[in-house]
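A short worksheet on the structure shown next.
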Amino acid sequence: MLIKNVFRGTHGGDIKGRSPNTYFSTEAVARIYALSPNDANDLCVNPRVYQADITITKPLVNNPHDPFITAVALVIAIGEENTRTIYLEQEAWVCSTDMWRELQATSGLSYSGMMSKTNWLLFAQVLDVQLYPLLDNPKYMAWFKEAGYDGAIYNGSGVGGGSPEYCVFDFYEQVNSTAAYIPQVEA
């Protein structure tokens with residue numbers, strides 16, 4: 001599907017950036033990222049807001065109102081073994097959710113106790129995990145690409161919370177056109 005008029009803010013000028021993926025959102029979110037790097041070690045030396053048209057034909061997730069992905073969606077996408085690996089490695093992200101706190105309070109299980117159960121998926125199926133840390137992980141990205149996914153559409157987090165975020169997995173194949181401008185700092 002062709003998605004028109006999405007925006008990406010960069011503080012170093014390069015639209016591609018360092019991540020293996022490229023993220024787009026609304027113009028307001030892009031302006032914030034262009035003028036305020038989300039890595040405290042980065043300097044804002046050449047801020048740009050890029051407007052682009054992108055193509056995502058098989059999104060891992062297509063829910064611009066939710067920043068999370070469910071264990072069930074992951075099992076369908078990449079299988080139970082890979083999903084279990086993600087849930088083992090992303091414990092901090094899973095345990096930061098309200099659903100984990102509720103499950104832990106009612107079940108009495110620790111996270112490691114839940115994950116050691118043969119039927120771990122019965123517990124995990126009600127637990128979501130933030131999507132963006134998974135999209136920044138090269139190992140998980142290899143699994144998503146191997147399964148044929150080429151992007152994700154979800155709700156952003158942090159300054160992008162409440163706005164749709166579009167992640168393309170192959171910049172050179174999926175970004176169709178761009179235009180850029182230098183954002184001005186508002187007084």
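Ligands are numbered from 1 in the order shown, chains are lettered A, B, ... in the order of the structure tokens, and residues start at 1 in each chain.
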*asked:* Using DSSP secondary structure from the backbone, list all alpha helix (DSSP H) positions within range 1-118 of chain A, as an NGL selection string.
replied: :A and (27-35 or 71-78 or 80-89 or 91-95 or 98-107 or 111-116)
Please provide the set of residues having any atom within 12 Å of Gly156 in chain A, restricted to only C-alpha atoms, with same-chain residues fewer than 2 positions apart removed, written as a ChimeraX atom specification. /A:23-26,29-30,63-68,130-133,152-154,158-167
Requested write-out: N, CA and C atoms of the selected residues, as a PDB file, in the first residue's frame:
```pdb
ATOM      1  N   TYR A  23      12.039   5.282  10.069  1.00  0.00           N
ATOM      2  CA  TYR A  23      10.761   5.573  10.702  1.00  0.00           C
ATOM      3  C   TYR A  23      10.196   6.898  10.210  1.00  0.00           C
ATOM      4  N   PHE A  24       8.896   6.931   9.981  1.00  0.00           N
ATOM      5  CA  PHE A  24       8.188   8.131   9.558  1.00  0.00           C
ATOM      6  C   PHE A  24       6.980   8.323  10.461  1.00  0.00           C
ATOM      7  N   SER A  25       6.521   9.566  10.559  1.00  0.00           N
ATOM      8  CA  SER A  25       5.342   9.854  11.379  1.00  0.00           C
ATOM      9  C   SER A  25       4.667  11.105  10.829  1.00  0.00           C
ATOM     10  N   THR A  26       4.111  11.897  11.730  1.00  0.00           N
ATOM     11  CA  THR A  26       3.465  13.152  11.340  1.00  0.00           C
ATOM     12  C   THR A  26       4.514  14.255  11.234  1.00  0.00           C
ATOM     13  N   VAL A  29       5.647  15.484  14.785  1.00  0.00           N
ATOM     14  CA  VAL A  29       6.609  14.586  15.428  1.00  0.00           C
ATOM     15  C   VAL A  29       7.978  14.707  14.756  1.00  0.00           C
ATOM     16  N   ALA A  30       7.987  14.780  13.440  1.00  0.00           N
ATOM     17  CA  ALA A  30       9.250  14.900  12.700  1.00  0.00           C
ATOM     18  C   ALA A  30       9.990  16.183  13.085  1.00  0.00           C
ATOM     19  N   ASN A  63      -1.727  -1.285  12.954  1.00  0.00           N
ATOM     20  CA  ASN A  63      -2.605  -0.721  13.966  1.00  0.00           C
ATOM     21  C   ASN A  63      -2.020   0.606  14.443  1.00  0.00           C
ATOM     22  N   PRO A  64      -2.393   1.713  13.767  1.00  0.00           N
ATOM     23  CA  PRO A  64      -1.803   3.004  14.115  1.00  0.00           C
ATOM     24  C   PRO A  64      -2.256   3.552  15.462  1.00  0.00           C
ATOM     25  N   HIS A  65      -3.058   2.793  16.190  1.00  0.00           N
ATOM     26  CA  HIS A  65      -3.553   3.250  17.492  1.00  0.00           C
ATOM     27  C   HIS A  65      -2.921   2.500  18.664  1.00  0.00           C
ATOM     28  N   ASP A  66      -1.975   1.597  18.411  1.00  0.00           N
ATOM     29  CA  ASP A  66      -1.413   0.767  19.484  1.00  0.00           C
ATOM     30  C   ASP A  66       0.103   0.652  19.316  1.00  0.00           C
ATOM     31  N   PRO A  67       0.888   1.005  20.344  1.00  0.00           N
ATOM     32  CA  PRO A  67       2.345   0.897  20.256  1.00  0.00           C
ATOM     33  C   PRO A  67       2.877  -0.499  20.599  1.00  0.00           C
ATOM     34  N   PHE A  68       1.973  -1.438  20.876  1.00  0.00           N
ATOM     35  CA  PHE A  68       2.373  -2.768  21.312  1.00  0.00           C
ATOM     36  C   PHE A  68       2.081  -3.819  20.242  1.00  0.00           C
ATOM     37  N   GLN A 130       6.255  -3.630  23.805  1.00  0.00           N
ATOM     38  CA  GLN A 130       6.466  -2.464  22.949  1.00  0.00           C
ATOM     39  C   GLN A 130       7.060  -2.921  21.631  1.00  0.00           C
ATOM     40  N   LEU A 131       6.570  -2.374  20.534  1.00  0.00           N
ATOM     41  CA  LEU A 131       7.039  -2.805  19.218  1.00  0.00           C
ATOM     42  C   LEU A 131       8.384  -2.203  18.832  1.00  0.00           C
ATOM     43  N   TYR A 132       8.607  -0.919  19.129  1.00  0.00           N
ATOM     44  CA  TYR A 132       9.809  -0.285  18.591  1.00  0.00           C
ATOM     45  C   TYR A 132      11.121  -0.937  19.033  1.00  0.00           C
ATOM     46  N   PRO A 133      11.261  -1.459  20.280  1.00  0.00           N
ATOM     47  CA  PRO A 133      12.540  -2.118  20.595  1.00  0.00           C
ATOM     48  C   PRO A 133      12.774  -3.371  19.749  1.00  0.00           C
ATOM     49  N   ALA A 152       6.029  -1.862   9.379  1.00  0.00           N
ATOM     50  CA  ALA A 152       5.079  -1.903  10.495  1.00  0.00           C
ATOM     51  C   ALA A 152       4.391  -0.545  10.585  1.00  0.00           C
ATOM     52  N   ILE A 153       3.120  -0.586  10.938  1.00  0.00           N
ATOM     53  CA  ILE A 153       2.329   0.628  11.142  1.00  0.00           C
ATOM     54  C   ILE A 153       1.752   0.511  12.549  1.00  0.00           C
ATOM     55  N   TYR A 154       2.118   1.443  13.411  1.00  0.00           N
ATOM     56  CA  TYR A 154       1.720   1.341  14.814  1.00  0.00           C
ATOM     57  C   TYR A 154       1.703   2.738  15.424  1.00  0.00           C
ATOM     58  N   GLY A 158       6.876   7.703  23.340  1.00  0.00           N
ATOM     59  CA  GLY A 158       7.617   8.905  23.699  1.00  0.00           C
ATOM     60  C   GLY A 158       6.984  10.135  23.077  1.00  0.00           C
ATOM     61  N   VAL A 159       7.798  10.986  22.444  1.00  0.00           N
ATOM     62  CA  VAL A 159       7.250  12.210  21.845  1.00  0.00           C
ATOM     63  C   VAL A 159       6.277  11.903  20.715  1.00  0.00           C
ATOM     64  N   GLY A 160       6.379  10.714  20.135  1.00  0.00           N
ATOM     65  CA  GLY A 160       5.479  10.321  19.057  1.00  0.00           C
ATOM     66  C   GLY A 160       4.226   9.621  19.544  1.00  0.00           C
ATOM     67  N   GLY A 161       4.060   9.495  20.854  1.00  0.00           N
ATOM     68  CA  GLY A 161       2.883   8.832  21.396  1.00  0.00           C
ATOM     69  C   GLY A 161       1.613   9.536  20.948  1.00  0.00           C
ATOM     70  N   GLY A 162       0.638   8.761  20.508  1.00  0.00           N
ATOM     71  CA  GLY A 162      -0.613   9.312  20.018  1.00  0.00           C
ATOM     72  C   GLY A 162      -0.607   9.582  18.523  1.00  0.00           C
ATOM     73  N   SER A 163       0.534   9.400  17.874  1.00  0.00           N
ATOM     74  CA  SER A 163       0.649   9.614  16.430  1.00  0.00           C
ATOM     75  C   SER A 163       1.028   8.313  15.745  1.00  0.00           C
ATOM     76  N   PRO A 164       0.528   8.092  14.535  1.00  0.00           N
ATOM     77  CA  PRO A 164       0.926   6.876  13.832  1.00  0.00           C
ATOM     78  C   PRO A 164       2.408   6.916  13.472  1.00  0.00           C
ATOM     79  N   GLU A 165       3.029   5.761  13.500  1.00  0.00           N
ATOM     80  CA  GLU A 165       4.418   5.636  13.092  1.00  0.00           C
ATOM     81  C   GLU A 165       4.489   4.563  12.009  1.00  0.00           C
ATOM     82  N   TYR A 166       5.306   4.842  11.009  1.00  0.00           N
ATOM     83  CA  TYR A 166       5.468   3.941   9.870  1.00  0.00           C
ATOM     84  C   TYR A 166       6.935   3.558   9.803  1.00  0.00           C
ATOM     85  N   CYS A 167       7.210   2.276   9.867  1.00  0.00           N
ATOM     86  CA  CYS A 167       8.582   1.785   9.820  1.00  0.00           C
ATOM     87  C   CYS A 167       8.757   0.983   8.530  1.00  0.00           C
TER      88      CYS A 167
END
```
Of A:Val126, A:Ile54, A:Ala34, A:Cys95, the one nearest to Gly17 in chain A when counting only C-alpha atoms is A:Ala34
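When the distance limit is 7 Å and only C-alpha atoms are what count, the residues near range 42-49 of chain A, minus those fewer than 4 positions from it on the same chain, are Phe7, Arg8, Gly9, Thr10, His11, Gly12, Gly13, Ala30, Arg31, Ala34, Leu35, Ser36, Pro37, Ala180, Tyr181, Ile182 and Pro183 of chain A.
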Skip Glu89 in chain A itself and residues of its chain fewer than 6 positions away, then list as a PDB file with N, CA, C and O atoms, in the first residue's frame all residues within 12 Å of it, counting only C-alpha atoms.
```
ATOM      1  N   ASN A  82      10.667 -18.412  18.138  1.00  0.00           N
ATOM      2  CA  ASN A  82      11.213 -17.056  18.041  1.00  0.00           C
ATOM      3  C   ASN A  82      10.477 -16.099  18.977  1.00  0.00           C
ATOM      4  O   ASN A  82      11.088 -15.211  19.571  1.00  0.00           O
ATOM      5  N   THR A  83       9.162 -16.266  19.109  1.00  0.00           N
ATOM      6  CA  THR A  83       8.389 -15.421  20.019  1.00  0.00           C
ATOM      7  C   THR A  83       8.849 -15.627  21.447  1.00  0.00           C
ATOM      8  O   THR A  83       9.030 -14.673  22.206  1.00  0.00           O
ATOM      9  N   CYS A  95       7.529  -6.536  31.331  1.00  0.00           N
ATOM     10  CA  CYS A  95       7.202  -6.297  32.747  1.00  0.00           C
ATOM     11  C   CYS A  95       6.875  -4.843  33.058  1.00  0.00           C
ATOM     12  O   CYS A  95       6.443  -4.531  34.160  1.00  0.00           O
ATOM     13  N   TYR A 111       8.286 -13.536  36.540  1.00  0.00           N
ATOM     14  CA  TYR A 111       8.415 -13.601  35.079  1.00  0.00           C
ATOM     15  C   TYR A 111       9.169 -14.863  34.668  1.00  0.00           C
ATOM     16  O   TYR A 111       8.738 -15.580  33.771  1.00  0.00           O
ATOM     17  N   SER A 112      10.268 -15.146  35.340  1.00  0.00           N
ATOM     18  CA  SER A 112      11.024 -16.353  34.995  1.00  0.00           C
ATOM     19  C   SER A 112      10.195 -17.598  35.276  1.00  0.00           C
ATOM     20  O   SER A 112      10.282 -18.586  34.543  1.00  0.00           O
ATOM     21  N   MET A 115       7.803 -17.927  32.316  1.00  0.00           N
ATOM     22  CA  MET A 115       8.484 -18.333  31.086  1.00  0.00           C
ATOM     23  C   MET A 115       9.023 -19.758  31.166  1.00  0.00           C
ATOM     24  O   MET A 115       9.257 -20.391  30.143  1.00  0.00           O
ATOM     25  N   VAL A 129       4.072  -6.418  24.163  1.00  0.00           N
ATOM     26  CA  VAL A 129       5.419  -5.870  24.297  1.00  0.00           C
ATOM     27  C   VAL A 129       5.506  -4.664  23.358  1.00  0.00           C
ATOM     28  O   VAL A 129       4.890  -4.652  22.285  1.00  0.00           O
ATOM     29  N   PRO A 133      11.261  -1.459  20.280  1.00  0.00           N
ATOM     30  CA  PRO A 133      12.540  -2.118  20.595  1.00  0.00           C
ATOM     31  C   PRO A 133      12.774  -3.371  19.749  1.00  0.00           C
ATOM     32  O   PRO A 133      13.912  -3.727  19.467  1.00  0.00           O
ATOM     33  N   LEU A 134      11.701  -4.023  19.344  1.00  0.00           N
ATOM     34  CA  LEU A 134      11.847  -5.207  18.495  1.00  0.00           C
ATOM     35  C   LEU A 134      12.313  -4.799  17.106  1.00  0.00           C
ATOM     36  O   LEU A 134      13.119  -5.489  16.481  1.00  0.00           O
ATOM     37  N   ASN A 137      16.061  -4.268  16.780  1.00  0.00           N
ATOM     38  CA  ASN A 137      16.911  -5.420  17.077  1.00  0.00           C
ATOM     39  C   ASN A 137      17.231  -6.178  15.784  1.00  0.00           C
ATOM     40  O   ASN A 137      16.325  -6.718  15.146  1.00  0.00           O
ATOM     41  N   LYS A 139      18.518  -9.096  15.108  1.00  0.00           N
ATOM     42  CA  LYS A 139      18.129 -10.514  15.070  1.00  0.00           C
ATOM     43  C   LYS A 139      16.643 -10.651  14.795  1.00  0.00           C
ATOM     44  O   LYS A 139      16.222 -11.438  13.928  1.00  0.00           O
ATOM     45  N   TYR A 140      15.816  -9.884  15.507  1.00  0.00           N
ATOM     46  CA  TYR A 140      14.370  -9.965  15.301  1.00  0.00           C
ATOM     47  C   TYR A 140      13.996  -9.479  13.899  1.00  0.00           C
ATOM     48  O   TYR A 140      13.113 -10.028  13.251  1.00  0.00           O
TER      49      TYR A 140
END
```
Among A:Ala124, A:Gln104, A:Gln90, A:Thr85, Thr70 in chain A is approached most closely, using only C-alpha atoms, by A:Ala124
**Prompt:** Using only C-alpha atoms, which of A:Trp143, A:Trp100, A:Phe123, A:Tyr50 sits nearest Gly79 in chain A?
**Reply:**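 Looking only at the distances to Gly79 in chain A, the closest residue turns out to be A:Trp143.
Taking only C-alpha atoms into account, Met141 in chain A lies nearest to A:Ile86 out of the set A:Asp128, A:Ile86, A:Ile15, A:Ser107.
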Rank A:Val72, A:Ala77, A:Leu122, A:Val175 by their smallest atom-to-atom distance to Glu146 in chain A, using only C-alpha atoms, and report the top residue only.
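Between A:Val72, A:Ala77, A:Leu122, A:Val175, the residue approaching Glu146 in chain A most closely is A:Ala77.
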Closest of A:Asp150, A:Lys58, A:Glu80, A:Ala142 to Tyr172 in chain A, counting only C-alpha atoms, is A:Asp150
* **strand (DSSP E or B) per DSSP on the backbone: members of range 26-87 of chain A, as a PyMOL selection string** => chain A and resi 48-55+59-63+68-70
Margin query: I'd like the interatomic distance between CA of Asp98 in chain A and CA of Pro59 in chain A, to a tenth of an Å.
Written below: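 Computed distance, CA of Asp98 in chain A to CA of Pro59 in chain A, equals 26.0 Å.
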**OP:** Considering only C-alpha atoms, return as number ranges by chain whatever protein or nucleic-acid residues lie within 12 Å of Thr57 in chain A, sequence-local ones (same chain, fewer than 3 positions apart) excluded.
**Re:** A: 1-3, 54, 60-62, 148-153, 167-170, 173-174
